[in-house]
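Shown next: query.pdb, containing PDB, C-alpha atoms.
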```
MODEL        1
ATOM      1  CA  MET E  16      -8.039  -5.004   0.155
ATOM      2  CA  PHE E  17     -11.759  -5.422   0.729
ATOM      3  CA  ARG E  18     -11.253  -8.912   2.105
ATOM      4  CA  TYR E  19      -8.527  -7.671   4.444
ATOM      5  CA  ALA E  20     -10.623  -4.710   5.611
ATOM      6  CA  ARG E  21     -13.723  -6.831   6.113
ATOM      7  CA  ARG E  22     -11.896  -9.379   8.234
ATOM      8  CA  MET E  23     -10.093  -6.684  10.194
ATOM      9  CA  LEU E  24     -13.255  -4.744  10.972
ATOM     10  CA  ASN E  25     -15.645  -7.679  10.964
ATOM     11  CA  GLY E  26     -18.233  -5.653   9.077
ATOM     12  CA  GLN E  27     -19.072  -5.128   5.434
ATOM     13  CA  GLY E  28     -20.254  -1.508   5.663
ATOM     14  CA  ASP E  29     -17.118  -0.399   7.489
ATOM     15  CA  ALA E  30     -14.927  -2.337   5.086
ATOM     16  CA  GLU E  31     -16.564  -0.646   2.116
ATOM     17  CA  GLU E  32     -15.900   2.771   3.639
ATOM     18  CA  VAL E  33     -12.306   1.866   4.405
ATOM     19  CA  VAL E  34     -11.578   0.531   0.920
ATOM     20  CA  GLN E  35     -13.083   3.623  -0.682
ATOM     21  CA  ASP E  36     -11.046   5.925   1.543
ATOM     22  CA  ALA E  37      -7.919   3.873   0.925
ATOM     23  CA  PHE E  38      -8.293   4.028  -2.850
ATOM     24  CA  VAL E  39      -8.950   7.766  -2.763
ATOM     25  CA  ALA E  40      -5.943   8.374  -0.502
ATOM     26  CA  ALA E  41      -3.761   6.168  -2.701
ATOM     27  CA  TRP E  42      -4.906   7.919  -5.860
ATOM     28  CA  LYS E  43      -4.167  11.341  -4.391
ATOM     29  CA  SER E  44      -0.721  10.390  -3.172
ATOM     30  CA  LEU E  45       0.199   8.237  -6.170
ATOM     31  CA  PRO E  46       2.658  10.879  -7.487
ATOM     32  CA  ASP E  47       4.583  10.528  -4.215
ATOM     33  CA  PHE E  48       4.693   6.749  -4.403
ATOM     34  CA  ARG E  49       8.409   6.010  -4.571
ATOM     35  CA  GLY E  50       8.219   2.368  -5.442
ATOM     36  CA  ASP E  51      10.230   1.356  -2.354
ATOM     37  CA  ALA E  52       7.707  -1.408  -1.821
ATOM     38  CA  PRO E  53       5.477  -3.163  -4.363
ATOM     39  CA  LEU E  54       2.222  -1.353  -5.123
ATOM     40  CA  ARG E  55       0.232  -4.133  -3.442
ATOM     41  CA  THR E  56       2.145  -3.726  -0.190
ATOM     42  CA  TRP E  57       1.641   0.026  -0.302
ATOM     43  CA  LEU E  58      -2.104  -0.325  -0.910
ATOM     44  CA  PHE E  59      -2.425  -2.708   2.020
ATOM     45  CA  THR E  60      -0.527  -0.234   4.188
ATOM     46  CA  VAL E  61      -2.986   2.507   3.275
ATOM     47  CA  THR E  62      -5.933   0.167   3.834
ATOM     48  CA  GLY E  63      -4.600  -0.839   7.255
ATOM     49  CA  ARG E  64      -4.186   2.776   8.318
ATOM     50  CA  LYS E  65      -7.688   3.655   7.200
ATOM     51  CA  ALA E  66      -9.056   0.631   9.044
ATOM     52  CA  ILE E  67      -7.280   1.688  12.244
ATOM     53  CA  ASP E  68      -8.594   5.244  11.830
ATOM     54  CA  LEU E  69     -12.140   3.962  11.557
ATOM     55  CA  PHE E  70     -11.683   1.500  14.382
ATOM     56  CA  ARG E  71     -10.425   4.233  16.704
ATOM     57  CA  LYS E  72     -13.174   6.594  15.646
ATOM     58  CA  LYS E  73     -15.863   4.072  16.372
ATOM     59  CA  ARG E  74     -14.424   2.580  19.532
ATOM     60  CA  ALA E  75     -12.608   5.021  21.715
ATOM     61  CA  VAL E  76     -10.963   2.306  23.773
ATOM     62  CA  PRO E  77      -7.358   1.151  23.607
ATOM     63  CA  VAL E  78      -6.597  -2.103  21.849
ATOM     64  CA  GLU E  79      -5.318  -4.505  24.455
ATOM     65  CA  GLU E  80      -3.577  -7.818  24.278
ATOM     66  CA  THR E  81      -6.181 -10.321  25.337
ATOM     67  CA  THR E  82      -5.513 -13.702  26.864
ATOM     68  CA  LEU E  83      -6.972 -16.894  25.629
ATOM     69  CA  THR E  84     -10.388 -16.438  27.108
ATOM     70  CA  ASP E  85     -13.836 -16.799  25.615
ATOM     71  CA  LEU E  86     -13.248 -20.205  24.179
ATOM     72  CA  PRO E  87     -16.122 -21.655  22.179
ATOM     73  CA  ALA E  88     -18.868 -23.191  24.255
ATOM     74  CA  PRO E  89     -18.601 -26.963  24.554
ATOM     75  CA  GLY E  90     -21.187 -29.105  22.936
ATOM     76  CA  THR E  91     -21.458 -27.259  19.646
ATOM     77  CA  ASP E  92     -21.628 -29.483  16.618
ATOM     78  CA  PRO E  93     -19.930 -27.828  13.659
ATOM     79  CA  ALA E  94     -20.171 -30.971  11.569
ATOM     80  CA  GLY E  95     -23.872 -30.392  11.255
ATOM     81  CA  GLN E  96     -23.419 -27.049   9.577
ATOM     82  CA  ALA E  97     -22.499 -26.262   6.022
ATOM     83  CA  VAL E  98     -18.807 -26.923   6.306
ATOM     84  CA  GLN E  99     -17.132 -24.119   4.446
ATOM     85  CA  SER E 100     -19.385 -21.244   5.390
ATOM     86  CA  GLY E 101     -19.515 -22.511   8.945
ATOM     87  CA  LEU E 102     -15.748 -22.687   9.073
ATOM     88  CA  LEU E 103     -15.482 -19.176   7.676
ATOM     89  CA  ASP E 104     -17.950 -17.895  10.252
ATOM     90  CA  ALA E 105     -15.987 -19.586  13.015
ATOM     91  CA  LEU E 106     -12.780 -18.142  11.617
ATOM     92  CA  GLY E 107     -14.339 -14.668  11.504
ATOM     93  CA  ALA E 108     -15.464 -14.983  15.099
ATOM     94  CA  GLY E 109     -12.062 -16.278  16.151
ATOM     95  CA  LEU E 110     -10.269 -13.488  14.357
ATOM     96  CA  ALA E 111     -12.550 -10.882  15.915
ATOM     97  CA  GLU E 112     -11.392 -12.012  19.338
ATOM     98  CA  LEU E 113      -7.707 -11.695  18.517
ATOM     99  CA  PRO E 114      -5.818  -8.486  19.265
ATOM    100  CA  TRP E 115      -5.614  -6.142  16.308
ATOM    101  CA  LEU E 116      -1.984  -6.799  15.415
ATOM    102  CA  GLN E 117      -2.280 -10.579  15.614
ATOM    103  CA  ARG E 118      -5.365 -10.468  13.427
ATOM    104  CA  ALA E 119      -3.645  -8.300  10.823
ATOM    105  CA  VAL E 120      -0.515 -10.459  10.788
ATOM    106  CA  TRP E 121      -2.467 -13.705  10.430
ATOM    107  CA  LEU E 122      -4.622 -12.334   7.607
ATOM    108  CA  LEU E 123      -1.702 -10.878   5.678
ATOM    109  CA  ARG E 124       0.333 -14.060   6.057
ATOM    110  CA  GLU E 125      -2.204 -16.847   5.717
ATOM    111  CA  VAL E 126      -4.853 -15.289   3.496
ATOM    112  CA  GLU E 127      -2.925 -12.694   1.478
ATOM    113  CA  GLN E 128       0.245 -14.840   1.525
ATOM    114  CA  MET E 129       2.667 -11.983   2.044
ATOM    115  CA  SER E 130       6.237 -12.526   3.225
ATOM    116  CA  TYR E 131       7.294 -11.553   6.743
ATOM    117  CA  ALA E 132       9.219  -8.618   5.297
ATOM    118  CA  GLU E 133       6.193  -7.363   3.358
ATOM    119  CA  ILE E 134       3.956  -7.672   6.409
ATOM    120  CA  ALA E 135       6.505  -5.737   8.448
ATOM    121  CA  VAL E 136       6.311  -2.919   5.889
ATOM    122  CA  VAL E 137       2.504  -2.913   5.857
ATOM    123  CA  LEU E 138       2.275  -2.838   9.658
ATOM    124  CA  ASN E 139       5.301  -0.623  10.198
ATOM    125  CA  THR E 140       7.081  -3.133  12.382
ATOM    126  CA  THR E 141       9.895  -5.684  12.103
ATOM    127  CA  PRO E 142       9.882  -9.224  10.681
ATOM    128  CA  THR E 143      10.782 -10.528  14.162
ATOM    129  CA  VAL E 144       7.654  -8.970  15.640
ATOM    130  CA  VAL E 145       5.634 -10.358  12.738
ATOM    131  CA  ARG E 146       6.945 -13.857  13.414
ATOM    132  CA  GLY E 147       6.060 -13.611  17.110
ATOM    133  CA  GLN E 148       2.613 -12.190  16.516
ATOM    134  CA  LEU E 149       1.879 -14.847  13.905
ATOM    135  CA  ALA E 150       2.774 -17.646  16.316
ATOM    136  CA  ARG E 151       0.485 -16.151  18.952
ATOM    137  CA  ALA E 152      -2.313 -15.651  16.443
ATOM    138  CA  ARG E 153      -2.040 -19.283  15.325
ATOM    139  CA  THR E 154      -2.192 -20.512  18.902
ATOM    140  CA  GLY E 155      -5.184 -18.298  19.623
ATOM    141  CA  LEU E 156      -7.062 -19.431  16.530
ATOM    142  CA  GLN E 157      -6.274 -23.078  17.182
ATOM    143  CA  HIS E 158      -7.920 -22.794  20.584
ATOM    144  CA  ARG E 159     -10.901 -20.974  19.168
ATOM    145  CA  LEU E 160     -11.396 -23.503  16.377
ATOM    146  CA  GLU E 161     -10.912 -26.447  18.713
ATOM    147  CA  SER E 162     -14.449 -27.723  18.156
ATOM    148  CA  TRP E 163     -13.775 -28.014  14.440
ATOM    149  CA  ARG E 164     -11.031 -30.584  14.825
TER
ATOM    150  CA  MET I  30      -4.537 -31.677  12.876
ATOM    151  CA  THR I  31      -5.601 -28.217  14.062
ATOM    152  CA  GLU I  32      -2.798 -26.825  11.914
ATOM    153  CA  ASP I  33      -4.495 -28.460   8.897
ATOM    154  CA  LEU I  34      -7.771 -26.932   9.969
ATOM    155  CA  LEU I  35      -6.206 -23.475  10.106
ATOM    156  CA  SER I  36      -4.730 -23.996   6.648
ATOM    157  CA  ARG I  37      -8.138 -25.079   5.415
ATOM    158  CA  ALA I  38      -9.766 -22.029   6.964
ATOM    159  CA  ALA I  39      -7.148 -19.741   5.412
ATOM    160  CA  HIS I  40      -7.658 -21.381   2.034
ATOM    161  CA  ALA I  41     -11.414 -20.987   2.344
ATOM    162  CA  ALA I  42     -11.025 -17.304   3.254
ATOM    163  CA  ARG I  43      -8.698 -16.802   0.287
ATOM    164  CA  THR I  44     -10.867 -18.513  -2.301
ATOM    165  CA  HIS I  45     -14.303 -17.599  -1.026
ATOM    166  CA  PRO I  46     -15.731 -14.721  -3.086
ATOM    167  CA  GLU I  47     -16.262 -11.628  -0.978
ATOM    168  CA  PRO I  48     -19.991 -10.934  -0.704
ATOM    169  CA  GLY I  49     -21.087  -7.700  -2.343
ATOM    170  CA  TRP I  50     -17.710  -6.945  -3.889
ATOM    171  CA  ILE I  51     -19.109  -6.418  -7.391
ATOM    172  CA  ASP I  52     -21.405  -3.614  -6.202
ATOM    173  CA  ILE I  53     -18.754  -2.137  -3.949
ATOM    174  CA  SER I  54     -16.092  -2.064  -6.662
ATOM    175  CA  ALA I  55     -18.488  -0.143  -8.888
ATOM    176  CA  THR I  56     -19.108   2.369  -6.085
ATOM    177  CA  VAL I  57     -15.374   2.744  -5.471
ATOM    178  CA  LYS I  58     -14.680   3.352  -9.166
ATOM    179  CA  GLN I  59     -17.496   5.882  -9.338
ATOM    180  CA  ARG I  60     -16.097   7.789  -6.382
ATOM    181  CA  LEU I  61     -12.557   7.693  -7.741
ATOM    182  CA  ARG I  62     -13.746   9.276 -10.981
ATOM    183  CA  THR I  63     -14.889  12.288  -8.981
ATOM    184  CA  VAL I  64     -11.575  12.721  -7.159
ATOM    185  CA  THR I  65      -9.195  15.208  -8.675
ATOM    186  CA  ARG I  66      -5.491  15.720  -8.191
ATOM    187  CA  ARG I  67      -3.948  19.132  -8.587
ATOM    188  CA  SER I  68      -1.441  19.277 -11.392
ATOM    189  CA  ARG I  69       0.221  21.827 -13.608
ATOM    190  CA  PRO I  70      -0.066  21.572 -17.398
ATOM    191  CA  ILE I  71       3.269  21.765 -19.189
ATOM    192  CA  ARG I  72       3.444  22.672 -22.858
ATOM    193  CA  ALA I  73       5.013  20.029 -25.065
ATOM    194  CA  ALA I  74       5.459  19.552 -28.783
ATOM    195  CA  ALA I  75       4.773  16.499 -30.900
ATOM    196  CA  ASP I  76       7.230  15.516 -33.644
ATOM    197  CA  ASP I  77       5.075  17.238 -36.265
ATOM    198  CA  GLY I  78       5.100  20.460 -34.237
ATOM    199  CA  THR I  79       1.617  20.144 -32.783
ATOM    200  CA  THR I  80       1.326  21.659 -29.315
ATOM    201  CA  LEU I  81       0.050  19.434 -26.547
ATOM    202  CA  PHE I  82       0.021  19.545 -22.758
ATOM    203  CA  ILE I  83       1.145  17.007 -20.227
ATOM    204  CA  THR I  84       0.951  17.278 -16.466
ATOM    205  CA  ASP I  85       3.923  17.887 -14.204
ATOM    206  CA  GLN I  86       2.998  14.646 -12.433
ATOM    207  CA  VAL I  87       3.780  12.664 -15.560
ATOM    208  CA  LEU I  88       7.194  14.330 -15.858
ATOM    209  CA  THR I  89       7.978  13.701 -12.211
ATOM    210  CA  GLY I  90       6.727  10.121 -12.247
ATOM    211  CA  VAL I  91       8.726   9.089 -15.305
ATOM    212  CA  LEU I  92      11.819  10.866 -13.992
ATOM    213  CA  ARG I  93      11.458   9.105 -10.641
ATOM    214  CA  VAL I  94      11.550   5.716 -12.351
ATOM    215  CA  ALA I  95      14.496   6.714 -14.563
ATOM    216  CA  VAL I  96      16.549   8.034 -11.643
ATOM    217  CA  ALA I  97      15.801   4.927  -9.569
ATOM    218  CA  GLY I  98      17.781   2.976 -12.177
ATOM    219  CA  LEU I  99      20.907   4.883 -11.101
ATOM    220  CA  GLN I 100      20.925   3.430  -7.575
ATOM    221  CA  CYS I 101      19.502   6.581  -6.031
ATOM    222  CA  GLU I 102      16.101   7.998  -5.241
ATOM    223  CA  LEU I 103      14.425  11.183  -6.327
ATOM    224  CA  GLU I 104      13.366  13.028  -3.202
ATOM    225  CA  ARG I 105      11.899  16.228  -4.635
ATOM    226  CA  VAL I 106      11.498  17.928  -7.995
ATOM    227  CA  ARG I 107      10.885  21.579  -8.729
ATOM    228  CA  LEU I 108      10.202  22.497 -12.317
ATOM    229  CA  ILE I 109      11.485  25.831 -13.581
ATOM    230  CA  GLY I 110       9.657  27.831 -16.213
ATOM    231  CA  ASP I 111       7.162  30.594 -16.824
ATOM    232  CA  ASP I 112       3.461  29.796 -17.071
ATOM    233  CA  ASP I 113       3.145  26.514 -18.922
ATOM    234  CA  THR I 114       6.773  26.118 -20.006
ATOM    235  CA  CYS I 115       9.422  23.901 -18.446
ATOM    236  CA  THR I 116      12.948  25.093 -19.122
ATOM    237  CA  GLY I 117      14.819  23.574 -16.225
ATOM    238  CA  ALA I 118      14.552  21.616 -13.009
ATOM    239  CA  VAL I 119      15.899  21.435  -9.482
ATOM    240  CA  LEU I 120      16.278  17.871  -8.270
ATOM    241  CA  ASP I 121      16.914  16.621  -4.735
ATOM    242  CA  VAL I 122      18.284  13.110  -4.757
ATOM    243  CA  VAL I 123      19.233  10.634  -2.036
ATOM    244  CA  THR I 124      21.859   7.926  -2.425
ATOM    245  CA  PHE I 125      24.259   5.775  -0.416
ATOM    246  CA  TYR I 126      27.442   7.208   1.048
ATOM    247  CA  GLY I 127      30.712   6.360  -0.675
ATOM    248  CA  GLN I 128      29.869   7.059  -4.297
ATOM    249  CA  ASP I 129      31.538   9.502  -6.650
ATOM    250  CA  LEU I 130      28.898  12.213  -6.298
ATOM    251  CA  GLN I 131      30.113  14.332  -9.203
ATOM    252  CA  ALA I 132      29.916  11.386 -11.567
ATOM    253  CA  LEU I 133      26.498  10.469 -10.189
ATOM    254  CA  ALA I 134      25.263  14.049 -10.614
ATOM    255  CA  ALA I 135      26.420  13.989 -14.239
ATOM    256  CA  GLN I 136      24.521  10.741 -14.831
ATOM    257  CA  ILE I 137      21.393  12.133 -13.195
ATOM    258  CA  ARG I 138      21.624  15.318 -15.253
ATOM    259  CA  THR I 139      21.956  13.339 -18.482
ATOM    260  CA  THR I 140      19.055  11.075 -17.507
ATOM    261  CA  ALA I 141      16.846  14.020 -16.544
ATOM    262  CA  TYR I 142      17.647  15.838 -19.764
ATOM    263  CA  GLN I 143      16.875  12.778 -21.895
ATOM    264  CA  THR I 144      13.679  11.998 -19.994
ATOM    265  CA  PHE I 145      12.326  15.529 -20.180
ATOM    266  CA  THR I 146      13.234  16.154 -23.803
ATOM    267  CA  ASP I 147      11.688  12.798 -24.774
ATOM    268  CA  LEU I 148       8.445  13.760 -23.042
ATOM    269  CA  LEU I 149       8.318  17.439 -23.978
ATOM    270  CA  GLY I 150       9.643  17.187 -27.523
ATOM    271  CA  PRO I 151      11.207  20.099 -29.401
ATOM    272  CA  THR I 152       9.715  22.941 -27.354
ATOM    273  CA  ASP I 153      10.567  26.610 -27.637
ATOM    274  CA  PRO I 154      12.222  27.629 -25.341
ATOM    275  CA  PRO I 155      13.792  24.180 -25.029
ATOM    276  CA  PHE I 156      14.046  22.222 -21.830
ATOM    277  CA  GLY I 157      17.472  22.723 -20.235
ATOM    278  CA  ALA I 158      17.755  26.412 -21.095
ATOM    279  CA  ASP I 159      17.634  27.208 -17.377
ATOM    280  CA  GLY I 160      19.774  24.256 -16.404
ATOM    281  CA  ILE I 161      19.284  21.257 -14.176
ATOM    282  CA  ASP I 162      20.437  21.772 -10.598
ATOM    283  CA  ILE I 163      21.021  18.691  -8.517
ATOM    284  CA  THR I 164      21.427  18.345  -4.762
ATOM    285  CA  ILE I 165      22.546  14.950  -3.515
ATOM    286  CA  THR I 166      22.201  13.716   0.045
ATOM    287  CA  ASP I 167      24.324  10.633   0.767
ATOM    288  CA  LEU I 168      23.361   8.360   3.606
ATOM    289  CA  ILE I 169      25.141   5.598   5.489
ATOM    290  CA  PRO I 170      23.194   2.415   6.206
ATOM    291  CA  GLU I 171      21.910   1.967   9.766
TER
ENDMDL
END
```

Before we go any further, please render this structure as C-alpha cells.
Amino acid sequence: MFRYARRMLNGQGDAEEVVQDAFVAAWKSLPDFRGDAPLRTWLFTVTGRKAIDLFRKKRAVPVEETTLTDLPAPGTDPAGQAVQSGLLDALGAGLAELPWLQRAVWLLREVEQMSYAEIAVVLNTTPTVVRGQLARARTGLQHRLESWR
Amino acid sequence: MTEDLLSRAAHAARTHPEPGWIDISATVKQRLRTVTRRSRPIRAAADDGTTLFITDQVLTGVLRVAVAGLQCELERVRLIGDDDTCTGAVLDVVTFYGQDLQALAAQIRTTAYQTFTDLLGPTDPPFGADGIDITITDLIPE
C-alpha cells in the first residue's frame, strides 16, 4: 500500500499520510467489509481513493490525458549511474508524467501483480479499460525509458 | 528490448525496500491503536456459566461469513434485545433470483440461530426468544 501510494503521489510524506488514512478508514469500516473482493484488493481500493483525495486537495486542477511529450533529454548516460537506483528514479519520473489512471493501472499490474479483474475492482472500472490503459502506459513508459535501452 | 527493460524496472520496484517504511509502519500502528469503533456489548455466557461480553460487531461479522456460505449475502442486521441482551435478530439478505426463498429463509434462520447460540452460549433470556425475521431481496444478473 505504501509502495503504491508513494509511486502514485511521487512523495514519501504524502504517501505516509495516505496510508495512515487508508488504514484508519479500513479499520473503521471493517465490519461492513462484505468479502466480495479479497482484503488486499479492498485495501488498495481504499488507498487509491485516499490518494486521489489528497491529490485533488493539493492540486486543484483536472487530471488530463497527456500526449507523449517531455521525452528525456538526449545525451544522458544512464549507464554511468548506479543501475538499479537510477532505473528506479527514471521509472518514478516516467510514472509521474503518465496520466493518473495509466499510472495506477501499470503499478497495480506490473508491480503489485494484480489481475485485470482485480485492478478493475480497485479502480472502479472494467477489465477492458484496464487493458487499454495498461497498453498506453507501457507505450508511454517505453518512450520515457528510451535512453535506458 | 524495451519490454525487458520495463520488466526489469517493475521487478526492481517490487523488490526494492521502500525507504522509511519501518518508521512509517510504527507510526501507522500507533495511530490505529488510538482509533475506536463504536460497538454494543452483548452479554454472553461461557459453558461454566461465567458472564462475558462480546461486541455486536463480532456477532455480525461471524454471521456474515456463515450466511455467505448459503449463496447469499447479508445486507443488514438489527439485533433485538433490551440493554445488553440479544434475544432475536432482523436480517436483510440478498440472493439471486430463481431460488426457493422459503427454503433459503429456513436455512438462513437455522444458520443464524446456530451461529448466535454458539457465540452467546446459554444466556437467559436465550437467543431466539424474540425470533429471527428475515427479508430476502432476489436479484437477476445484469

Problem - Polymer residues at most 8 Å from Ala132 (chain E), all atoms listed in the file, same-chain spacing of 3 or more positions, as number ranges by chain - result: E: 135-136, 141-142

Practice task
Would you write out, as a ChimeraX atom specification, every residue that the PyMOL selection byres ((chain E) within 6 of (chain I)) captures in this file?
Solution key: /E:35,43,125-126,164

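Taking CA of Ile165 (chain I) and CA of Val123 (chain I) as the two end points, the separation is 5.6 Å.
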
Practice task
Using only C-alpha atoms, give me every residue within 12 Å of (6.6, -9.2, 3.2) in file coordinates, as a PyMOL selection string.
Solution key: chain E and resi 52-53+55-57+59-60+120+123-125+127-143+145-146

Exercise for the section: For the structure shown, which residues end up in the PyMOL selection byres ((chain E and resi 115) around 9)? Put them as a PyMOL selection string, please? Expected result: chain E and resi 23+67+78-80+110-114+116-120

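Taking CA of Ala74 (chain I) and CA of Leu108 (chain I) as the two end points, the separation is 17.4 Å.
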
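The space separating CA of Thr166 (chain I) from CA of Gln128 (chain I) comes to 11.0 Å.
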
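Evaluating the PyMOL selection byres ((chain I and resi 140) around 12) against the shown model yields Val91, Leu92, Arg93, Val94, Ala95, Val96, Ala97, Gly98, Leu99, Leu120, Leu133, Ala134, Ala135, Gln136, Ile137, Arg138, Thr139, Ala141, Tyr142, Gln143, Thr144, Phe145, Thr146, Asp147, Ile161 and Ile163 of chain I.
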
Handout entry: Long-range neighbours of Ala20 (chain E) as a ChimeraX atom specification, 10 Å cut-off, all atoms listed in the file, 4 positions minimum in chain
Key = /E:16,24-27,29-34,59,62-63,65-67,119,122

May I have the centre and edge lengths, in Å to one decimal, of an axis-aligned box around the listed atoms of region 55-59 of chain I with 3 Å added to every side, as AutoDock Vina command-line options?
```
--center_x -16.9 --center_y 2.9 --center_z -7.4 --size_x 10.4 --size_y 12.0 --size_z 9.9
```
